[in-house]
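Text of my_file32.cif, listed as mmCIF, C-alpha atoms:
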data_entry
#
loop_
_atom_site.group_PDB
_atom_site.id
_atom_site.type_symbol
_atom_site.label_atom_id
_atom_site.label_comp_id
_atom_site.auth_asym_id
_atom_site.auth_seq_id
_atom_site.Cartn_x
_atom_site.Cartn_y
_atom_site.Cartn_z
ATOM 1 C CA MET A 1 212.816 60.400 337.732
ATOM 2 C CA LYS A 2 213.911 63.047 340.239
ATOM 3 C CA ARG A 3 212.673 60.952 343.139
ATOM 4 C CA ILE A 4 214.539 57.899 341.911
ATOM 5 C CA LEU A 5 217.779 59.886 341.630
ATOM 6 C CA LEU A 6 217.194 61.385 345.054
ATOM 7 C CA ILE A 7 216.586 57.950 346.588
ATOM 8 C CA LEU A 8 219.739 56.596 344.921
ATOM 9 C CA CYS A 9 221.810 59.505 346.218
ATOM 10 C CA MET A 10 220.435 59.074 349.734
ATOM 11 C CA ALA A 11 221.072 55.322 349.594
ATOM 12 C CA LEU A 12 224.696 55.951 348.611
ATOM 13 C CA LEU A 13 225.103 58.369 351.489
ATOM 14 C CA CYS A 14 223.608 55.918 353.956
ATOM 15 C CA LEU A 15 225.851 52.990 352.952
ATOM 16 C CA PRO A 16 228.257 52.043 355.681
ATOM 17 C CA VAL A 17 231.747 53.303 355.035
ATOM 18 C CA ARG A 18 234.345 50.554 355.388
ATOM 19 C CA ALA A 19 237.297 52.439 356.636
ATOM 20 C CA ASP A 20 239.271 52.706 359.768
ATOM 21 C CA ALA A 21 238.046 54.785 362.673
ATOM 22 C CA ASP A 22 239.927 57.918 361.560
ATOM 23 C CA GLY A 23 238.436 57.763 358.055
ATOM 24 C CA LYS A 24 234.956 57.282 359.476
ATOM 25 C CA ARG A 25 235.434 60.184 361.848
ATOM 26 C CA ILE A 26 236.638 62.405 358.991
ATOM 27 C CA LEU A 27 233.604 61.509 356.889
ATOM 28 C CA ASP A 28 231.281 62.140 359.846
ATOM 29 C CA ASN A 29 232.869 65.543 360.438
ATOM 30 C CA LEU A 30 232.563 66.420 356.736
ATOM 31 C CA PHE A 31 228.936 65.292 356.722
ATOM 32 C CA ARG A 32 228.139 67.374 359.825
ATOM 33 C CA ALA A 33 229.894 70.430 358.393
ATOM 34 C CA GLY A 34 227.924 70.064 355.166
ATOM 35 C CA VAL A 35 224.651 69.655 357.036
ATOM 36 C CA GLN A 36 225.388 72.706 359.173
ATOM 37 C CA ALA A 37 226.224 74.772 356.106
ATOM 38 C CA VAL A 38 222.998 73.660 354.460
ATOM 39 C CA GLN A 39 221.013 74.434 357.605
ATOM 40 C CA THR A 40 222.444 77.941 357.912
ATOM 41 C CA THR A 41 221.733 78.575 354.249
ATOM 42 C CA LEU A 42 218.174 77.353 354.645
ATOM 43 C CA GLN A 43 217.666 79.406 357.798
ATOM 44 C CA GLN A 44 218.953 82.527 356.070
ATOM 45 C CA GLY A 45 216.619 81.814 353.156
ATOM 46 C CA GLN A 46 213.681 81.401 355.523
ATOM 47 C CA GLU A 47 214.548 84.614 357.335
ATOM 48 C CA ASN A 48 214.632 86.473 354.025
ATOM 49 C CA THR A 49 211.131 85.350 353.144
ATOM 50 C CA GLU A 50 208.267 87.033 354.932
ATOM 51 C CA ALA A 51 206.014 83.995 355.388
ATOM 52 C CA PRO A 52 207.652 80.713 356.408
ATOM 53 C CA ASP A 53 207.000 77.789 354.093
ATOM 54 C CA ALA A 54 204.346 75.472 355.537
ATOM 55 C CA ASN A 55 205.760 72.498 353.635
ATOM 56 C CA ALA A 56 209.289 73.003 354.956
ATOM 57 C CA ALA A 57 210.554 70.091 356.975
ATOM 58 C CA PRO A 58 211.933 70.583 360.435
ATOM 59 C CA ALA A 59 215.637 71.223 360.682
ATOM 60 C CA ASP A 60 216.784 67.613 360.578
ATOM 61 C CA PRO A 61 220.048 67.054 358.727
ATOM 62 C CA SER A 62 218.887 64.366 356.310
ATOM 63 C CA GLY A 63 215.852 66.435 355.227
ATOM 64 C CA ALA A 64 217.966 69.523 354.579
ATOM 65 C CA LEU A 65 220.510 67.500 352.658
ATOM 66 C CA GLY A 66 217.717 65.857 350.714
ATOM 67 C CA ARG A 67 216.266 69.218 349.805
ATOM 68 C CA VAL A 68 219.654 70.525 348.715
ATOM 69 C CA LEU A 69 220.225 67.413 346.616
ATOM 70 C CA ALA A 70 216.754 67.698 345.126
ATOM 71 C CA GLU A 71 217.306 71.372 344.280
ATOM 72 C CA SER A 72 220.688 70.705 342.697
ATOM 73 C CA LEU A 73 219.285 67.776 340.706
ATOM 74 C CA GLU A 74 216.378 69.934 339.628
ATOM 75 C CA LYS A 75 218.714 72.723 338.483
ATOM 76 C CA SER A 76 220.916 70.353 336.535
ATOM 77 C CA ALA A 77 217.877 68.661 334.991
ATOM 78 C CA SER A 78 216.436 72.017 333.943
ATOM 79 C CA SER A 79 219.744 73.120 332.409
ATOM 80 C CA LEU A 80 219.986 69.795 330.575
ATOM 81 C CA LYS A 81 216.403 70.225 329.429
ATOM 82 C CA GLU A 82 217.167 73.722 328.093
ATOM 83 C CA GLN A 83 220.234 72.390 326.312
ATOM 84 C CA TYR A 84 218.131 69.686 324.628
ATOM 85 C CA LYS A 85 215.539 72.287 323.666
ATOM 86 C CA GLU A 86 218.186 74.451 321.996
ATOM 87 C CA GLU A 87 219.633 71.464 320.165
ATOM 88 C CA GLY A 88 216.133 70.478 319.060
ATOM 89 C CA ARG A 89 215.430 73.981 317.767
ATOM 90 C CA ALA A 90 218.683 74.033 315.815
ATOM 91 C CA TYR A 91 217.926 70.608 314.355
ATOM 92 C CA ALA A 92 214.399 71.683 313.416
ATOM 93 C CA ARG A 93 215.748 74.798 311.671
ATOM 94 C CA GLU A 94 218.302 72.752 309.758
ATOM 95 C CA LEU A 95 215.722 70.151 308.803
ATOM 96 C CA GLY A 96 213.294 72.881 307.706
ATOM 97 C CA ASP A 97 215.968 74.477 305.534
ATOM 98 C CA MET A 98 216.761 71.138 303.909
ATOM 99 C CA LEU A 99 213.085 70.468 303.205
ATOM 100 C CA ALA A 100 212.628 73.955 301.779
ATOM 101 C CA GLU A 101 215.593 73.407 299.447
ATOM 102 C CA ARG A 102 214.156 70.109 298.227
ATOM 103 C CA ILE A 103 210.709 71.597 297.737
ATOM 104 C CA VAL A 104 211.970 74.606 295.804
ATOM 105 C CA HIS A 105 214.028 72.422 293.462
ATOM 106 C CA SER A 106 211.136 70.052 292.784
ATOM 107 C CA PRO A 107 209.862 70.450 289.158
ATOM 108 C CA ARG A 108 206.197 70.145 290.175
ATOM 109 C CA VAL A 109 206.527 72.813 292.831
ATOM 110 C CA HIS A 110 208.551 75.027 290.508
ATOM 111 C CA SER A 111 205.872 74.830 287.797
ATOM 112 C CA ALA A 112 203.146 75.559 290.352
ATOM 113 C CA ILE A 113 205.059 78.599 291.600
ATOM 114 C CA THR A 114 205.579 79.821 288.036
ATOM 115 C CA THR A 115 201.868 79.419 287.293
ATOM 116 C CA LEU A 116 200.971 81.266 290.460
ATOM 117 C CA GLN A 117 203.350 84.101 289.568
ATOM 118 C CA ALA A 118 201.812 84.381 286.096
ATOM 119 C CA PHE A 119 198.338 84.436 287.636
ATOM 120 C CA CYS A 120 199.409 87.229 290.009
ATOM 121 C CA TRP A 121 200.809 89.304 287.112
ATOM 122 C CA VAL A 122 197.541 88.845 285.185
ATOM 123 C CA ILE A 123 195.566 90.031 288.220
ATOM 124 C CA ILE A 124 197.885 93.037 288.595
ATOM 125 C CA ALA A 125 197.435 93.934 284.914
ATOM 126 C CA TYR A 126 193.651 93.565 285.226
ATOM 127 C CA LEU A 127 193.535 95.802 288.302
ATOM 128 C CA VAL A 128 195.705 98.442 286.594
ATOM 129 C CA LEU A 129 193.435 98.367 283.530
ATOM 130 C CA VAL A 130 190.280 98.669 285.647
ATOM 131 C CA THR A 131 191.832 101.530 287.620
ATOM 132 C CA LEU A 132 192.747 103.367 284.422
ATOM 133 C CA LEU A 133 189.249 102.841 283.019
ATOM 134 C CA LEU A 134 187.732 104.181 286.227
ATOM 135 C CA LEU A 135 190.006 107.226 286.148
ATOM 136 C CA VAL A 136 189.144 107.915 282.489
ATOM 137 C CA GLY A 137 185.451 107.421 283.254
ATOM 138 C CA MET A 138 185.633 109.814 286.205
ATOM 139 C CA GLN A 139 187.429 112.380 284.041
ATOM 140 C CA ARG A 140 184.715 112.122 281.391
ATOM 141 C CA LEU A 141 182.001 112.492 284.043
ATOM 142 C CA ARG A 142 183.682 115.632 285.386
ATOM 143 C CA ALA A 143 183.949 117.055 281.874
ATOM 144 C CA ASN A 144 180.274 116.255 281.205
ATOM 145 C CA ASP A 145 179.285 117.817 284.546
ATOM 146 C CA ARG A 146 181.178 121.002 283.661
ATOM 147 C CA ARG A 147 179.505 121.106 280.251
ATOM 148 C CA ILE A 148 176.072 120.622 281.841
ATOM 149 C CA LEU A 149 176.780 123.383 284.379
ATOM 150 C CA GLU A 150 177.886 125.733 281.606
ATOM 151 C CA LEU A 151 174.728 124.972 279.627
ATOM 152 C CA LEU A 152 172.603 125.593 282.715
ATOM 153 C CA HIS A 153 174.320 128.937 283.330
ATOM 154 C CA GLU A 154 173.740 129.897 279.677
ATOM 155 C CA LEU A 155 170.113 128.898 279.921
ATOM 156 C CA LYS A 156 169.678 130.991 283.076
ATOM 157 C CA ARG A 157 171.328 133.990 281.398
ATOM 158 C CA LYS A 158 169.055 133.667 278.391
ATOM 159 C CA GLU A 159 166.004 133.477 280.603
ATOM 160 C CA SER A 160 167.130 136.446 282.646
ATOM 161 C CA ASP A 161 167.941 138.422 279.446
ATOM 162 C CA THR A 162 164.532 137.826 277.908
ATOM 163 C CA PRO A 163 161.883 139.444 280.003
#
Encoded form (structure tokens):
Amino acid sequence: MKRILLILCMALLCLPVRADADGKRILDNLFRAGVQAVQTTLQQGQENTEAPDANAAPADPSGALGRVLAESLEKSASSLKEQYKEEGRAYARELGDMLAERIVHSPRVHSAITTLQAFCWVIIAYLVLVTLLLLVGMQRLRANDRRILELLHELKRKESDTP
């Protein structure tokens, strides 16, 4: 797509201008000034980079203009692409919200959610009950252990008292 646009732009620039000699001279001067500005910009860009680009074309005016056109078309295409992406994201969010609203208000989904909530509350109650039973069981074991230790100490005292 970029190449087609570039070829169309170059073809428009290469069309003969049907004007008088002064108009043609003005257009030629404008074209040369534009090419020179592009060349100086490209040369400054190449001087700023450490390694020169191996793919860079020699400094012919049509190549520099083509590169500038290609870069500008690429920038505009990327900005248009980003704009479409943002619009697509907004549309997807809106569509997702609408679907979520429909799903939540559906009677089948609502009954399934209610059943799932009831199941979760039953599991919570079961886990609380098991935890309480474990705590009570641990408390009883500690009490039994203390009682056993007391009985052992009494037994040792009785054995040590009776020689």
Rounded to one decimal place, report the CA of Leu73 (chain A)-CA of Glu87 (chain A) distance in Å.
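One can read the CA of Leu73 (chain A) to CA of Glu87 (chain A) distance as 20.9 Å.
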Atom-to-atom span, CA of Glu71 (chain A) and CA of Arg89 (chain A), Å |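 Answer for the CA of Glu71 (chain A) to CA of Arg89 (chain A) separation: 26.7 Å.
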In Å and to one decimal, CA of Arg142 (chain A) is distant from CA of Tyr126 (chain A) by 24.2 Å
If you take every atom of region 143-150 of chain A that the file lists and fit an axis-aligned box around them with 6 Å extra on each side, what centre and edge lengths come out in Å to one decimal, as JSON?
{"center_x": 180.0, "center_y": 121.0, "center_z": 282.4, "size_x": 19.9, "size_y": 21.5, "size_z": 16.3}
